[in-house]
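Undergrad: Structure supplied as model.pdb; contents: PDB, C-alpha atoms.
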ATOM      1  CA  MET A 215      10.656  33.318 -25.003
ATOM      2  CA  LYS A 216      14.254  32.207 -25.501
ATOM      3  CA  LYS A 217      15.002  32.984 -21.865
ATOM      4  CA  LEU A 218      11.997  30.935 -20.729
ATOM      5  CA  PHE A 219      13.037  27.992 -22.937
ATOM      6  CA  THR A 220      16.559  28.107 -21.484
ATOM      7  CA  SER A 221      15.206  28.161 -17.932
ATOM      8  CA  VAL A 222      12.953  25.174 -18.614
ATOM      9  CA  MET A 223      15.820  23.198 -20.152
ATOM     10  CA  MET A 224      18.052  23.939 -17.144
ATOM     11  CA  LEU A 225      15.286  22.817 -14.788
ATOM     12  CA  LEU A 226      14.820  19.560 -16.720
ATOM     13  CA  PHE A 227      18.565  18.917 -16.702
ATOM     14  CA  ALA A 228      18.780  19.554 -12.952
ATOM     15  CA  THR A 229      15.812  17.255 -12.313
ATOM     16  CA  SER A 230      17.304  14.502 -14.500
ATOM     17  CA  PHE A 231      20.680  14.840 -12.780
ATOM     18  CA  ALA A 232      19.105  14.665  -9.318
ATOM     19  CA  PHE A 233      17.119  11.586 -10.345
ATOM     20  CA  ALA A 234      20.267   9.915 -11.677
ATOM     21  CA  GLN A 235      22.049  10.671  -8.424
ATOM     22  CA  ASP A 236      19.241   8.986  -6.463
ATOM     23  CA  GLU A 237      19.370   5.778  -8.498
ATOM     24  CA  ALA A 238      21.079   2.947  -6.658
ATOM     25  CA  LEU A 239      24.265   1.591  -8.196
ATOM     26  CA  VAL A 240      24.268  -1.568  -6.067
ATOM     27  CA  ARG A 241      21.772  -3.454  -3.942
ATOM     28  CA  PHE A 242      21.674  -6.280  -1.424
ATOM     29  CA  VAL A 243      20.143  -9.546  -2.647
ATOM     30  CA  ASP A 244      20.120 -13.189  -1.582
ATOM     31  CA  ALA A 245      21.147 -16.219  -3.632
ATOM     32  CA  ALA A 246      17.691 -16.367  -5.234
ATOM     33  CA  GLY A 247      17.821 -12.696  -6.259
ATOM     34  CA  ASN A 248      15.387 -11.408  -3.613
ATOM     35  CA  VAL A 249      16.151  -7.746  -2.897
ATOM     36  CA  TYR A 250      16.727  -6.302   0.581
ATOM     37  CA  ALA A 251      15.903  -2.601   0.653
ATOM     38  CA  ASP A 252      18.243  -0.010   2.090
ATOM     39  CA  GLY A 253      17.703   0.124   5.868
ATOM     40  CA  SER A 254      16.373  -3.444   6.157
ATOM     41  CA  THR A 255      16.833  -5.555   9.283
ATOM     42  CA  ILE A 256      17.447  -9.254   8.642
ATOM     43  CA  ASN A 257      17.105 -11.955  11.309
ATOM     44  CA  ILE A 258      19.009 -15.202  10.754
ATOM     45  CA  THR A 259      17.813 -17.966  13.084
ATOM     46  CA  GLU A 260      19.095 -21.093  11.329
ATOM     47  CA  GLY A 261      22.719 -22.190  11.425
ATOM     48  CA  GLU A 262      24.513 -25.022   9.700
ATOM     49  CA  ASP A 263      27.574 -27.162  10.103
ATOM     50  CA  ASP A 264      30.723 -25.297   9.052
ATOM     51  CA  GLY A 265      32.422 -28.457   7.834
ATOM     52  CA  TRP A 266      34.896 -28.438  10.723
ATOM     53  CA  GLY A 267      32.630 -29.640  13.499
ATOM     54  CA  GLY A 268      31.367 -26.188  14.419
ATOM     55  CA  MET A 269      28.360 -24.022  13.592
ATOM     56  CA  GLU A 270      28.093 -21.001  11.312
ATOM     57  CA  PHE A 271      25.394 -18.414  10.780
ATOM     58  CA  SER A 272      25.686 -16.890   7.317
ATOM     59  CA  THR A 273      24.101 -13.556   6.381
ATOM     60  CA  GLY A 274      23.269 -15.089   2.994
ATOM     61  CA  LEU A 275      23.825 -11.684   1.400
ATOM     62  CA  TYR A 276      25.167 -10.793  -2.035
ATOM     63  CA  VAL A 277      25.902  -7.396  -3.569
ATOM     64  CA  GLU A 278      24.492  -6.896  -7.063
ATOM     65  CA  ASN A 279      25.797  -4.284  -9.500
ATOM     66  CA  VAL A 280      22.798  -2.575 -11.146
ATOM     67  CA  SER A 281      24.681   0.482 -12.410
ATOM     68  CA  GLY A 282      25.044  -0.818 -15.968
ATOM     69  CA  GLU A 283      28.822  -0.521 -15.860
ATOM     70  CA  GLU A 284      31.877  -1.772 -14.009
ATOM     71  CA  ILE A 285      32.325  -0.070 -10.635
ATOM     72  CA  TYR A 286      34.619  -0.166  -7.616
ATOM     73  CA  VAL A 287      33.169  -1.197  -4.277
ATOM     74  CA  GLY A 288      34.119  -1.801  -0.666
ATOM     75  CA  SER A 289      32.313  -1.966   2.652
ATOM     76  CA  ASP A 290      32.103  -0.457   6.097
ATOM     77  CA  TYR A 291      30.733  -2.756   8.763
ATOM     78  CA  GLU A 292      30.078  -2.364  12.470
ATOM     79  CA  ILE A 293      29.934  -5.310  14.843
ATOM     80  CA  VAL A 294      27.362  -4.072  17.348
ATOM     81  CA  SER A 295      27.359  -7.240  19.462
ATOM     82  CA  ILE A 296      29.301 -10.495  19.382
ATOM     83  CA  PRO A 297      28.835 -12.633  22.504
ATOM     84  CA  ASN A 298      31.470 -15.180  21.489
ATOM     85  CA  GLY A 299      33.296 -16.613  18.506
ATOM     86  CA  SER A 300      34.261 -14.520  15.487
ATOM     87  CA  PHE A 301      32.698 -12.717  12.526
ATOM     88  CA  GLN A 302      34.218 -13.473   9.126
ATOM     89  CA  PHE A 303      33.812 -11.116   6.163
ATOM     90  CA  CYS A 304      35.285 -11.900   2.712
ATOM     91  CA  PHE A 305      34.442  -8.910   0.494
ATOM     92  CA  PRO A 306      35.358  -7.794  -2.085
ATOM     93  CA  LYS A 307      38.776  -9.527  -2.175
ATOM     94  CA  THR A 308      40.276 -10.130   1.265
ATOM     95  CA  CYS A 309      38.872 -12.089   4.223
ATOM     96  CA  THR A 310      38.878 -10.548   7.690
ATOM     97  CA  ASN A 311      38.066 -12.267  10.972
ATOM     98  CA  LYS A 312      37.026 -10.130  13.962
ATOM     99  CA  THR A 313      36.277 -11.129  17.546
ATOM    100  CA  GLN A 314      35.533  -7.721  19.079
ATOM    101  CA  LYS A 315      32.841  -5.088  18.713
ATOM    102  CA  GLY A 316      33.871  -2.130  16.583
ATOM    103  CA  SER A 317      33.767  -0.426  13.184
ATOM    104  CA  TYR A 318      35.812  -1.805  10.311
ATOM    105  CA  THR A 319      36.488  -1.029   6.637
ATOM    106  CA  THR A 320      37.257  -3.633   3.977
ATOM    107  CA  ASP A 321      39.584  -3.321   1.037
ATOM    108  CA  GLN A 322      38.243  -2.188  -2.347
ATOM    109  CA  GLY A 323      37.876  -3.984  -5.659
ATOM    110  CA  VAL A 324      36.050  -4.244  -8.964
ATOM    111  CA  LEU A 325      32.418  -5.325  -9.236
ATOM    112  CA  GLU A 326      31.774  -6.161 -12.863
ATOM    113  CA  THR A 327      28.722  -5.083 -14.832
ATOM    114  CA  ASP A 328      25.589  -6.960 -13.678
ATOM    115  CA  ALA A 329      27.714  -9.102 -11.337
ATOM    116  CA  LYS A 330      26.375 -10.520  -8.066
ATOM    117  CA  LYS A 331      29.097 -11.093  -5.461
ATOM    118  CA  ASP A 332      28.744 -13.127  -2.266
ATOM    119  CA  LEU A 333      29.713 -11.194   0.868
ATOM    120  CA  GLN A 334      30.737 -14.464   2.535
ATOM    121  CA  ALA A 335      29.829 -12.822   5.834
ATOM    122  CA  GLU A 336      29.136 -15.179   8.733
ATOM    123  CA  TRP A 337      29.251 -15.523  12.491
ATOM    124  CA  LEU A 338      31.209 -18.506  13.801
ATOM    125  CA  PRO A 339      30.053 -18.960  17.415
ATOM    126  CA  ASP A 340      31.935 -20.955  20.015
ATOM    127  CA  PRO A 341      30.677 -24.508  20.745
ATOM    128  CA  GLU A 342      27.887 -24.692  23.331
ATOM    129  CA  ALA A 343      27.554 -20.890  23.276
ATOM    130  CA  TYR A 344      24.312 -19.073  22.459
ATOM    131  CA  GLY A 345      23.539 -15.425  21.820
ATOM    132  CA  THR A 346      23.011 -12.886  19.063
ATOM    133  CA  CYS A 347      25.663 -11.385  16.819
ATOM    134  CA  THR A 348      24.486  -8.087  15.302
ATOM    135  CA  VAL A 349      26.314  -6.479  12.396
ATOM    136  CA  ILE A 350      25.528  -3.359  10.354
ATOM    137  CA  ILE A 351      26.862  -3.589   6.793
ATOM    138  CA  GLN A 352      27.115  -0.724   4.297
ATOM    139  CA  ILE A 353      28.382  -0.917   0.719
ATOM    140  CA  ASN A 354      30.449   2.011  -0.568
ATOM    141  CA  ILE A 355      31.205   3.121  -4.122
ATOM    142  CA  TYR A 356      34.753   4.216  -4.967
ATOM    143  CA  THR A 357      36.688   5.805  -7.798
ATOM    144  CA  TYR A 358      40.159   4.571  -8.713
ATOM    145  CA  ASN A 359      43.110   6.804  -9.599
ATOM    146  CA  ALA A 360      45.379   4.843 -11.924
ATOM    147  CA  ILE A 361      48.236   7.304 -11.373
ATOM    148  CA  THR A 362      48.304   7.192  -7.575
ATOM    149  CA  ARG A 363      46.844   3.662  -7.504
ATOM    150  CA  LYS A 364      44.499   4.725  -4.734
ATOM    151  CA  TYR A 365      40.773   4.320  -4.199
ATOM    152  CA  ASN A 366      38.717   7.361  -3.194
ATOM    153  CA  LEU A 367      35.268   7.190  -1.618
ATOM    154  CA  ASP A 368      32.659   8.427  -4.095
ATOM    155  CA  GLU A 369      29.387   7.709  -2.298
ATOM    156  CA  HIS A 370      27.771   5.544   0.357
ATOM    157  CA  GLY A 371      25.454   2.817  -0.851
ATOM    158  CA  PRO A 372      22.762   0.738   0.870
ATOM    159  CA  LYS A 373      22.969  -0.372   4.496
ATOM    160  CA  VAL A 374      21.395  -3.335   6.298
ATOM    161  CA  THR A 375      21.392  -4.668   9.858
ATOM    162  CA  VAL A 376      21.792  -8.419  10.339
ATOM    163  CA  ASN A 377      20.957 -10.262  13.574
ATOM    164  CA  MET A 378      22.395 -13.781  13.668
ATOM    165  CA  ILE A 379      20.561 -15.552  16.475
ATOM    166  CA  TYR A 380      21.828 -18.796  17.997
ATOM    167  CA  LYS A 381      19.226 -19.997  20.433
ATOM    168  CA  ASP A 382      18.649 -23.185  22.334
ATOM    169  CA  PRO A 383      18.526 -25.132  19.993
ATOM    170  CA  ALA A 384      15.874 -23.985  17.495
ATOM    171  CA  SER A 385      18.375 -23.290  14.745
ATOM    172  CA  VAL A 386      19.314 -26.965  14.565
ATOM    173  CA  LYS A 387      15.882 -28.471  15.251
ATOM    174  CA  ASN A 388      14.471 -26.704  12.192
ATOM    175  CA  LEU A 389      17.081 -28.469  10.102
ATOM    176  CA  GLU A 390      16.313 -31.852  11.714
ATOM    177  CA  ASN A 391      12.632 -31.518  10.797
ATOM    178  CA  GLU A 392      13.594 -31.563   7.109
ATOM    179  CA  VAL A 393      16.101 -34.414   7.261
ATOM    180  CA  LYS A 394      16.577 -37.550   9.318
ATOM    181  CA  ALA A 395      19.071 -38.074  12.111
ATOM    182  CA  VAL A 396      21.020 -41.264  11.434
ATOM    183  CA  ALA A 397      23.443 -41.207  14.377
ATOM    184  CA  ARG A 398      24.231 -39.281  17.562
ATOM    185  CA  TYR A 399      27.516 -38.759  19.400
ATOM    186  CA  ASN A 400      28.538 -37.158  22.672
ATOM    187  CA  ALA A 401      31.275 -34.547  23.107
ATOM    188  CA  ALA A 402      33.900 -37.311  23.323
ATOM    189  CA  GLY A 403      32.852 -38.686  19.935
ATOM    190  CA  GLN A 404      31.210 -41.800  21.387
ATOM    191  CA  GLN A 405      28.005 -42.924  19.708
ATOM    192  CA  ILE A 406      24.893 -42.662  21.892
ATOM    193  CA  SER A 407      21.445 -44.187  21.475
ATOM    194  CA  GLY A 408      19.424 -41.025  22.150
ATOM    195  CA  GLU A 409      19.530 -37.443  23.312
ATOM    196  CA  GLN A 410      21.520 -36.777  26.459
ATOM    197  CA  GLN A 411      22.322 -33.749  28.576
ATOM    198  CA  GLY A 412      25.110 -31.536  27.279
ATOM    199  CA  LEU A 413      26.593 -31.494  23.786
ATOM    200  CA  ASN A 414      25.092 -33.878  21.201
ATOM    201  CA  ILE A 415      26.567 -34.176  17.717
ATOM    202  CA  VAL A 416      23.839 -35.254  15.311
ATOM    203  CA  LYS A 417      24.725 -36.850  11.963
ATOM    204  CA  LEU A 418      21.999 -36.311   9.350
ATOM    205  CA  ASP A 419      21.070 -38.334   6.278
ATOM    206  CA  ASN A 420      22.138 -35.475   3.991
ATOM    207  CA  GLY A 421      25.734 -35.971   5.097
ATOM    208  CA  LYS A 422      25.847 -32.974   7.431
ATOM    209  CA  ALA A 423      26.535 -32.989  11.155
ATOM    210  CA  VAL A 424      25.045 -30.448  13.550
ATOM    211  CA  LYS A 425      25.564 -29.730  17.227
ATOM    212  CA  VAL A 426      22.732 -29.622  19.739
ATOM    213  CA  VAL A 427      23.197 -28.665  23.371
ATOM    214  CA  ASN A 428      20.582 -30.093  25.764
ATOM    215  CA  LYS A 429      20.368 -28.511  29.200
TER     216      LYS A 429
END
Here is a file; write its structure as structure tokens.

TA:
Amino acid sequence: MKKLFTSVMMLLFATSFAFAQDEALVRFVDAAGNVYADGSTINITEGEDDGWGGMEFSTGLYVENVSGEEIYVGSDYEIVSIPNGSFQFCFPKTCTNKTQKGSYTTDQGVLETDAKKDLQAEWLPDPEAYGTCTVIIQINIYTYNAITRKYNLDEHGPKVTVNMIYKDPASVKNLENEVKAVARYNAAGQQISGEQQGLNIVKLDNGKAVKVVNK
């Protein structure tokens, strides 16, 4: 009987340990707290003015710590396609800016208990250039050795694929439907009375300016 009891206890411990191992320590969410499951594909079709006269397509992703304690995190990301421009990634501490396809690893840093940290990951396309930038992002969990001052990979976390789609010119027209255009300018900065062929810079009543290319 004692042997049976011991066997049952060991089985329960093993099951509990396996369940704990399967529990996610972090997850992808958006600014509103909506969760993106591991393996999700996200399509971003709306861009906005980057504040410098260009366009940006943000992933809109945050990483939320649901482990119940402070942990160390970093990320691996693969730029599968980038037709032009650059992909900027500011997580967890340092910003990187890449212009070529390839696999990259960020630095590592602390993610506090229950914290939600913005990836600040966005595609900055060239003016008058369309296409799709595809990036696969995976969050990793690390341990930190205070003696060697080095981070060691503990486990891989969730992964998502993000397609940032800049098409002609739906990403901007969706924004114009919600706000009013108050002025238009050509590529030389001269005000124009209506849409014209080529680059149009549209000033909106919310203070933003967006670029539209008419062919």

Undergrad: If I take atom CA of A:Asn248 and atom CA of A:Thr319, how far is one from the other in Å, to one decimal?

TA: 25.7 Å

Undergrad: Go through the shown structure with the PyMOL selection byres ((chain A and resi 290) around 8) and write out the matching residues as a list in words.

TA: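 For this structure, the PyMOL selection byres ((chain A and resi 290) around 8) captures Gly288, Ser289, Tyr291, Glu292, Ser317, Tyr318, Thr319, Thr320, Ile351, Gln352, Ile353 and Asn354 of chain A.
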
Undergrad: Would you pick out the contacts of A:Gly371 at 12 Å or less, using all atoms listed in the file, so that residues sharing its chain but fewer than 5 positions from it are not included, and give the list as a list in words?

TA: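 Counting only the stated atoms, we get Gln235, Asp236, Glu237, Ala238, Leu239, Val240, Arg241, Phe242, Ala251, Asp252, Gly253, Val277, Glu278, Asn279, Val280, Ser281, Tyr286, Val287, Gly288, Ser289, Asp290, Ile351, Gln352, Ile353, Asn354, Ile355 and Tyr356 of chain A.
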
Undergrad: Could you give me, as number ranges by chain, the residues within 7 Å of A:Leu338, counting all atoms listed in the file and dropping anything in the same chain fewer than 4 positions from it?

TA: A: 269-271, 299-301

Undergrad: Just checking: using only C-alpha atoms, which residue out of A:Asp244, A:Ile285, A:Gly261, A:Ser254 ends up closest to A:Asp368?

TA: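 Under the stated criterion, the closest residue is A:Ile285.
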
Undergrad: Figure out the distance between atom CA of A:Gly345 and atom CA of A:Gln410, please, to one decimal in Å.

TA: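 A separation of 21.9 Å between them.
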
Undergrad: Could you spell out the hits of the PyMOL selection byres ((chain A and resi 308-312) around 10) on the shown file, as a list of chain:residue names?

TA: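 Matching residues under the PyMOL selection byres ((chain A and resi 308-312) around 10) are A:Ile293, A:Ile296, A:Gly299, A:Ser300, A:Phe301, A:Gln302, A:Phe303, A:Cys304, A:Phe305, A:Pro306, A:Lys307, A:Thr313, A:Gln314, A:Lys315, A:Gly316, A:Tyr318, A:Thr319, A:Thr320, A:Asp321, A:Gln322, A:Gly323, A:Leu333, A:Gln334, A:Ala335, A:Glu336, A:Trp337, A:Leu338.
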
Undergrad: I'd like the interatomic distance between atom CA of A:Thr346 and atom CA of A:Asp263, to a tenth of an Å.

TA: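 Between atom CA of A:Thr346 and atom CA of A:Asp263 the gap is 17.5 Å.
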
Undergrad: Report the residues retrieved by the PyMOL selection byres ((chain A and resi 378) around 6) from the displayed file, expressed as JSON, numbers by chain.

TA: {"A": [258, 346, 347, 377, 379]}

Undergrad: I'd like to know which of A:Tyr380, A:Trp266, A:Tyr358, A:Tyr276 is closest to A:Lys331, using only C-alpha atoms.

TA: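 Checking each of A:Tyr380, A:Trp266, A:Tyr358, A:Tyr276 against A:Lys331, counting only C-alpha atoms, the winner is A:Tyr276.
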
Undergrad: What's the 6 Å shell around A:Thr375, counting all atoms listed in the file, without same-chain residues fewer than 3 positions away, as a PyMOL selection string?

TA: chain A and resi 255+349-350
